[in-house]
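Everything below belongs to query-v9.csv, which stores CSV, N, CA, C and O atoms.
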```csv
chain,number,residue,atom,x,y,z
A,414,MET,N,-43.0,41.0,21.5
A,414,MET,CA,-42.2,41.4,20.3
A,414,MET,C,-41.1,42.4,20.8
A,414,MET,O,-40.0,42.4,20.3
A,415,ARG,N,-41.6,43.3,21.7
A,415,ARG,CA,-40.7,44.3,22.1
A,415,ARG,C,-39.5,43.7,22.9
A,415,ARG,O,-38.4,44.2,22.8
A,416,ARG,N,-39.8,42.7,23.7
A,416,ARG,CA,-38.7,42.1,24.5
A,416,ARG,C,-37.7,41.4,23.6
A,416,ARG,O,-36.5,41.4,23.8
A,417,TYR,N,-38.2,40.8,22.6
A,417,TYR,CA,-37.4,40.1,21.6
A,417,TYR,C,-36.4,41.1,20.9
A,417,TYR,O,-35.2,40.9,20.8
A,418,ALA,N,-37.0,42.3,20.5
A,418,ALA,CA,-36.1,43.3,19.9
A,418,ALA,C,-35.1,43.9,20.9
A,418,ALA,O,-34.0,44.1,20.5
A,419,LEU,N,-35.5,44.0,22.1
A,419,LEU,CA,-34.6,44.5,23.1
A,419,LEU,C,-33.5,43.5,23.4
A,419,LEU,O,-32.3,43.9,23.6
A,420,LEU,N,-33.8,42.2,23.4
A,420,LEU,CA,-32.8,41.2,23.6
A,420,LEU,C,-31.8,41.2,22.4
A,420,LEU,O,-30.6,41.1,22.7
A,421,ILE,N,-32.3,41.3,21.2
A,421,ILE,CA,-31.4,41.3,20.1
A,421,ILE,C,-30.5,42.6,20.1
A,421,ILE,O,-29.3,42.5,19.8
A,422,LEU,N,-31.1,43.7,20.5
A,422,LEU,CA,-30.3,44.9,20.5
A,422,LEU,C,-29.2,44.8,21.6
A,422,LEU,O,-28.1,45.2,21.4
A,423,SER,N,-29.5,44.3,22.8
A,423,SER,CA,-28.5,44.2,23.8
A,423,SER,C,-27.5,43.2,23.5
A,423,SER,O,-26.3,43.4,23.7
A,424,VAL,N,-27.8,42.1,22.8
A,424,VAL,CA,-26.8,41.1,22.4
A,424,VAL,C,-25.9,41.7,21.4
A,424,VAL,O,-24.7,41.5,21.4
A,425,THR,N,-26.5,42.4,20.4
A,425,THR,CA,-25.7,43.1,19.4
A,425,THR,C,-24.8,44.1,20.0
A,425,THR,O,-23.6,44.3,19.5
A,426,ALA,N,-25.2,44.8,21.0
A,426,ALA,CA,-24.4,45.9,21.6
A,426,ALA,C,-23.2,45.3,22.4
A,426,ALA,O,-22.2,45.8,22.4
A,427,LEU,N,-23.5,44.1,23.0
A,427,LEU,CA,-22.5,43.5,23.9
A,427,LEU,C,-21.5,42.6,23.1
A,427,LEU,O,-20.5,42.2,23.7
A,428,LEU,N,-21.9,42.2,22.0
A,428,LEU,CA,-21.0,41.2,21.2
A,428,LEU,C,-19.6,41.8,21.0
A,428,LEU,O,-18.6,41.0,21.2
A,429,PRO,N,-19.4,43.0,20.6
A,429,PRO,CA,-18.1,43.5,20.4
A,429,PRO,C,-17.3,43.5,21.7
A,429,PRO,O,-16.0,43.3,21.7
A,430,LEU,N,-17.9,43.8,22.8
A,430,LEU,CA,-17.2,43.7,24.1
A,430,LEU,C,-16.8,42.3,24.4
A,430,LEU,O,-15.7,42.1,25.0
A,431,ALA,N,-17.5,41.3,24.1
A,431,ALA,CA,-17.2,39.9,24.4
A,431,ALA,C,-16.0,39.5,23.5
A,431,ALA,O,-15.2,38.6,23.9
A,432,ALA,N,-15.8,40.1,22.4
A,432,ALA,CA,-14.7,39.7,21.5
A,432,ALA,C,-13.4,40.3,22.1
A,432,ALA,O,-12.3,39.7,21.7
A,433,CYS,N,-13.4,41.3,22.8
A,433,CYS,CA,-12.2,41.9,23.4
A,433,CYS,C,-11.8,41.2,24.7
A,433,CYS,O,-12.6,41.3,25.6
A,434,THR,N,-10.7,40.6,24.6
A,434,THR,CA,-10.3,39.9,25.9
A,434,THR,C,-8.9,40.4,26.2
A,434,THR,O,-8.1,40.6,25.3
A,435,THR,N,-8.7,40.7,27.4
A,435,THR,CA,-7.3,41.1,27.9
A,435,THR,C,-6.8,40.0,28.8
A,435,THR,O,-7.6,39.4,29.6
A,436,ILE,N,-5.5,39.8,28.8
A,436,ILE,CA,-4.9,38.8,29.6
A,436,ILE,C,-4.0,39.6,30.6
A,436,ILE,O,-3.3,40.4,30.2
A,437,THR,N,-4.2,39.2,31.9
A,437,THR,CA,-3.3,39.9,32.9
A,437,THR,C,-1.9,39.3,32.8
A,437,THR,O,-1.7,38.2,32.3
A,438,PRO,N,-0.9,40.1,33.4
A,438,PRO,CA,0.4,39.5,33.4
A,438,PRO,C,0.5,38.2,34.1
A,438,PRO,O,1.3,37.3,33.7
A,439,GLU,N,-0.3,38.0,35.2
A,439,GLU,CA,-0.3,36.8,35.9
A,439,GLU,C,-0.8,35.6,35.1
A,439,GLU,O,-0.2,34.5,35.1
A,440,GLU,N,-1.9,35.9,34.3
A,440,GLU,CA,-2.4,34.8,33.4
A,440,GLU,C,-1.4,34.5,32.3
A,440,GLU,O,-1.3,33.3,31.9
A,441,ARG,N,-0.8,35.5,31.8
A,441,ARG,CA,0.2,35.3,30.7
A,441,ARG,C,1.4,34.4,31.3
A,441,ARG,O,1.9,33.5,30.6
A,442,ARG,N,1.9,34.8,32.5
A,442,ARG,CA,3.0,34.0,33.1
A,442,ARG,C,2.6,32.6,33.3
A,442,ARG,O,3.3,31.6,33.0
A,443,ALA,N,1.3,32.3,33.8
A,443,ALA,CA,0.8,31.0,34.0
A,443,ALA,C,0.8,30.2,32.7
A,443,ALA,O,1.1,29.0,32.6
A,444,ALA,N,0.3,30.9,31.6
A,444,ALA,CA,0.2,30.2,30.3
A,444,ALA,C,1.6,29.9,29.8
A,444,ALA,O,1.8,28.8,29.2
A,445,ASP,N,2.5,30.8,30.0
A,445,ASP,CA,3.9,30.6,29.6
A,445,ASP,C,4.5,29.4,30.3
A,445,ASP,O,5.2,28.6,29.8
A,446,GLU,N,4.3,29.4,31.6
A,446,GLU,CA,4.8,28.3,32.4
A,446,GLU,C,4.2,26.9,32.0
A,446,GLU,O,4.9,25.9,31.9
A,447,ARG,N,2.9,26.9,31.7
A,447,ARG,CA,2.3,25.7,31.2
A,447,ARG,C,2.9,25.3,29.8
A,447,ARG,O,3.2,24.1,29.6
A,448,THR,N,3.2,26.3,29.0
A,448,THR,CA,3.8,26.0,27.7
A,448,THR,C,5.2,25.4,27.9
A,448,THR,O,5.5,24.3,27.3
A,449,CYS,N,6.0,26.0,28.7
A,449,CYS,CA,7.4,25.5,29.0
A,449,CYS,C,7.3,24.1,29.7
A,449,CYS,O,8.1,23.2,29.3
A,450,ALA,N,6.4,23.9,30.6
A,450,ALA,CA,6.2,22.6,31.2
A,450,ALA,C,5.8,21.6,30.2
A,450,ALA,O,6.3,20.4,30.3
A,451,GLY,N,5.0,22.0,29.2
A,451,GLY,CA,4.7,21.1,28.1
A,451,GLY,C,5.8,20.7,27.3
A,451,GLY,O,5.8,19.6,26.7
A,452,TYR,N,6.8,21.5,27.2
A,452,TYR,CA,8.1,21.2,26.5
A,452,TYR,C,9.0,20.3,27.3
A,452,TYR,O,10.0,19.8,26.8
A,453,GLY,N,8.6,20.1,28.6
A,453,GLY,CA,9.4,19.2,29.4
A,453,GLY,C,10.3,19.9,30.4
A,453,GLY,O,11.1,19.2,31.1
A,454,PHE,N,10.3,21.2,30.5
A,454,PHE,CA,11.1,21.9,31.5
A,454,PHE,C,10.5,21.8,32.9
A,454,PHE,O,9.3,21.8,33.1
A,455,LYS,N,11.4,21.6,33.8
A,455,LYS,CA,11.0,21.5,35.2
A,455,LYS,C,10.9,22.9,35.9
A,455,LYS,O,11.7,23.8,35.6
A,456,PRO,N,9.9,23.1,36.7
A,456,PRO,CA,9.8,24.4,37.4
A,456,PRO,C,11.0,24.7,38.3
A,456,PRO,O,11.7,23.9,38.8
A,457,ARG,N,11.3,26.0,38.3
A,457,ARG,CA,12.4,26.6,39.1
A,457,ARG,C,13.8,26.1,38.7
A,457,ARG,O,14.6,25.8,39.5
A,458,THR,N,14.0,25.9,37.4
A,458,THR,CA,15.3,25.5,36.9
A,458,THR,C,15.8,26.6,35.9
A,458,THR,O,15.0,27.4,35.5
A,459,ASP,N,17.0,26.6,35.6
A,459,ASP,CA,17.6,27.6,34.7
A,459,ASP,C,17.0,27.4,33.3
A,459,ASP,O,16.7,28.3,32.6
A,460,ALA,N,16.7,26.1,32.9
A,460,ALA,CA,16.2,25.9,31.6
A,460,ALA,C,14.7,26.4,31.5
A,460,ALA,O,14.4,27.0,30.5
A,461,MET,N,14.0,26.3,32.6
A,461,MET,CA,12.6,26.9,32.6
A,461,MET,C,12.7,28.4,32.5
A,461,MET,O,11.9,29.0,31.8
A,462,ALA,N,13.6,29.0,33.2
A,462,ALA,CA,13.8,30.5,33.2
A,462,ALA,C,14.1,30.9,31.7
A,462,ALA,O,13.6,31.9,31.2
A,463,ARG,N,15.0,30.1,31.1
A,463,ARG,CA,15.4,30.5,29.7
A,463,ARG,C,14.2,30.3,28.8
A,463,ARG,O,14.1,31.1,27.9
A,464,CYS,N,13.4,29.3,29.0
A,464,CYS,CA,12.3,29.1,28.1
A,464,CYS,C,11.3,30.3,28.3
A,464,CYS,O,10.8,30.8,27.3
A,465,LEU,N,11.0,30.7,29.5
A,465,LEU,CA,10.1,31.8,29.8
A,465,LEU,C,10.7,33.1,29.1
A,465,LEU,O,10.0,33.9,28.6
A,466,LEU,N,12.0,33.3,29.2
A,466,LEU,CA,12.6,34.5,28.6
A,466,LEU,C,12.5,34.4,27.1
A,466,LEU,O,12.2,35.4,26.5
A,467,ASP,N,12.7,33.3,26.5
A,467,ASP,CA,12.6,33.2,25.1
A,467,ASP,C,11.2,33.4,24.6
A,467,ASP,O,11.0,34.1,23.6
A,468,LEU,N,10.2,32.9,25.3
A,468,LEU,CA,8.8,33.2,25.0
A,468,LEU,C,8.5,34.7,25.0
A,468,LEU,O,7.8,35.3,24.2
A,469,ASP,N,9.0,35.4,26.1
A,469,ASP,CA,8.8,36.8,26.2
A,469,ASP,C,9.5,37.6,25.1
A,469,ASP,O,8.9,38.5,24.5
A,470,LEU,N,10.7,37.2,24.8
A,470,LEU,CA,11.4,37.9,23.7
A,470,LEU,C,10.8,37.7,22.4
A,470,LEU,O,10.7,38.6,21.5
A,471,ASP,N,10.3,36.5,22.1
A,471,ASP,CA,9.5,36.2,20.9
A,471,ASP,C,8.3,37.1,20.8
A,471,ASP,O,8.0,37.6,19.7
A,472,ARG,N,7.6,37.2,21.9
A,472,ARG,CA,6.4,38.0,21.9
A,472,ARG,C,6.7,39.4,21.6
A,472,ARG,O,6.0,40.1,20.8
A,473,LYS,N,7.7,40.0,22.2
A,473,LYS,CA,8.1,41.3,21.9
A,473,LYS,C,8.6,41.6,20.5
A,473,LYS,O,8.3,42.6,19.9
A,474,ALA,N,9.3,40.6,19.9
A,474,ALA,CA,9.8,40.7,18.6
A,474,ALA,C,8.6,40.7,17.6
A,474,ALA,O,8.6,41.4,16.6
A,475,ASP,N,7.6,39.8,17.9
A,475,ASP,CA,6.4,39.8,17.1
A,475,ASP,C,5.6,41.1,17.1
A,475,ASP,O,5.2,41.6,16.1
A,476,LEU,N,5.6,41.7,18.3
A,476,LEU,CA,4.9,43.0,18.4
A,476,LEU,C,5.7,44.1,17.6
A,476,LEU,O,5.1,45.0,17.0
A,477,ARG,N,7.0,44.1,17.7
A,477,ARG,CA,7.8,45.1,17.0
A,477,ARG,C,7.6,44.9,15.5
A,477,ARG,O,7.5,45.9,14.7
A,478,ALA,N,7.6,43.7,15.0
A,478,ALA,CA,7.4,43.4,13.6
A,478,ALA,C,6.0,43.9,13.1
A,478,ALA,O,5.8,44.4,12.1
A,479,PHE,N,5.0,43.6,14.0
A,479,PHE,CA,3.6,44.1,13.7
A,479,PHE,C,3.5,45.6,13.6
A,479,PHE,O,3.0,46.1,12.6
A,480,ARG,N,4.2,46.2,14.5
A,480,ARG,CA,4.1,47.7,14.5
A,480,ARG,C,4.9,48.3,13.3
A,480,ARG,O,4.5,49.3,12.7
A,481,ALA,N,6.0,47.7,13.0
A,481,ALA,CA,6.8,48.1,11.8
A,481,ALA,C,5.9,47.9,10.5
A,481,ALA,O,5.9,48.8,9.6
A,482,GLN,N,5.2,46.8,10.4
A,482,GLN,CA,4.3,46.6,9.3
A,482,GLN,C,3.2,47.6,9.2
A,482,GLN,O,2.9,48.1,8.2
A,483,GLN,N,2.6,48.0,10.4
A,483,GLN,CA,1.6,48.9,10.4
A,483,GLN,C,2.1,50.3,10.1
A,483,GLN,O,1.4,51.1,9.4
A,484,ASP,N,3.3,50.7,10.5
A,484,ASP,CA,3.9,52.0,10.2
A,484,ASP,C,4.1,52.1,8.7
A,484,ASP,O,3.9,53.1,8.1
A,485,TYR,N,4.6,51.0,8.1
A,485,TYR,CA,4.8,51.0,6.7
A,485,TYR,C,3.5,51.1,5.9
A,485,TYR,O,3.5,51.9,4.9
A,486,ARG,N,2.5,50.5,6.4
A,486,ARG,CA,1.2,50.5,5.6
A,486,ARG,C,0.6,51.9,5.6
A,486,ARG,O,0.0,52.3,4.7
A,487,TRP,N,0.7,52.6,6.7
A,487,TRP,CA,0.1,53.9,6.9
A,487,TRP,C,1.0,55.0,6.6
A,487,TRP,O,0.6,56.2,6.8
A,488,SER,N,2.2,54.8,6.2
A,488,SER,CA,3.1,55.9,6.0
A,488,SER,C,2.7,56.6,4.6
A,488,SER,O,2.1,56.0,3.8
A,489,PRO,N,3.0,57.9,4.5
A,489,PRO,CA,2.7,58.5,3.3
A,489,PRO,C,3.5,58.0,2.1
A,489,PRO,O,4.6,57.5,2.2
A,490,VAL,N,2.8,58.0,0.9
A,490,VAL,CA,3.5,57.5,-0.3
A,490,VAL,C,4.2,58.7,-0.9
A,490,VAL,O,3.6,59.7,-1.2
A,491,ILE,N,5.4,58.5,-1.3
A,491,ILE,CA,6.2,59.5,-1.9
A,491,ILE,C,6.3,59.1,-3.4
A,491,ILE,O,6.8,58.1,-3.7
A,492,VAL,N,5.9,60.0,-4.2
A,492,VAL,CA,5.9,59.8,-5.7
A,492,VAL,C,7.0,60.7,-6.2
A,492,VAL,O,6.9,61.9,-6.1
A,493,GLU,N,8.0,60.1,-6.9
A,493,GLU,CA,9.0,60.9,-7.5
A,493,GLU,C,8.8,61.0,-9.0
A,493,GLU,O,8.7,59.9,-9.6
A,494,ARG,N,8.8,62.1,-9.6
A,494,ARG,CA,8.7,62.3,-11.0
A,494,ARG,C,10.0,62.9,-11.5
A,494,ARG,O,10.3,64.0,-11.2
A,495,PRO,N,10.7,62.1,-12.3
A,495,PRO,CA,12.0,62.6,-12.7
A,495,PRO,C,11.8,63.8,-13.7
A,495,PRO,O,10.9,63.8,-14.5
A,496,VAL,N,12.7,64.8,-13.6
A,496,VAL,CA,12.6,65.9,-14.5
A,496,VAL,C,13.7,65.7,-15.5
A,496,VAL,O,14.9,65.7,-15.2
A,497,VAL,N,13.3,65.6,-16.8
A,497,VAL,CA,14.2,65.4,-17.8
A,497,VAL,C,14.5,66.8,-18.5
A,497,VAL,O,13.7,67.5,-18.9
A,498,VAL,N,15.8,67.1,-18.4
A,498,VAL,CA,16.2,68.4,-19.0
A,498,VAL,C,17.0,68.0,-20.3
A,498,VAL,O,18.0,67.3,-20.2
A,499,ARG,N,16.5,68.5,-21.4
A,499,ARG,CA,17.2,68.3,-22.7
A,499,ARG,C,18.0,69.5,-23.1
A,499,ARG,O,17.5,70.6,-23.0
A,500,ARG,N,19.2,69.2,-23.5
A,500,ARG,CA,20.1,70.4,-23.9
A,500,ARG,C,20.1,70.3,-25.4
A,500,ARG,O,20.3,69.3,-26.1
A,501,TYR,N,19.9,71.5,-26.1
A,501,TYR,CA,19.9,71.6,-27.5
A,501,TYR,C,21.2,72.3,-28.0
A,501,TYR,O,21.8,73.0,-27.5
```
With the file now loaded, output its structure as structure tokens.
Amino acid sequence: MRRYALLILSVTALLPLAACTTITPEERRAADERTCAGYGFKPRTDAMARCLLDLDLDRKADLRAFRAQQDYRWSPVIVERPVVVRRY
């Protein structure tokens, strides 16, 4: 019974680490090259270089948009209450 509890505890502790995956720049480049090759671009051509550049620029634009959305979500809320001044 104790082994079973220890097994469940270790799997539960390691599960969040398994969910975190990082991709190295070399792996990202290889994946991008496979994507562009899948589109029909030939290796070592200007068209392939342009495809790789476009993928990188799209990735950076997505990251900027995500960060802008996060900044907006966590920015302080400003509440304005108009002051009405009546003249008699």
To one decimal place in Å, what is the distance between atom CA of A:Pro438 and atom CA of A:Met461? 17.6 Å
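Here atom CA of A:Asp467 stands at a distance of 18.9 Å from atom CA of A:Ile436.
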Computed interatomic separation between atom O of A:Arg472 and atom N of A:Thr435 (Å): 16.1 Å
Choose the residue, out of A:Ala450, A:Ala481, A:Ala444, A:Val490, that has the smallest atom-to-atom separation from A:Asp469; count only C-alpha atoms. A:Ala444
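With only C-alpha atoms as the basis for measurement, A:Asp445 is the residue among A:Val492, A:Arg457, A:Asp484, A:Asp445 that approaches A:Asp471 most closely.
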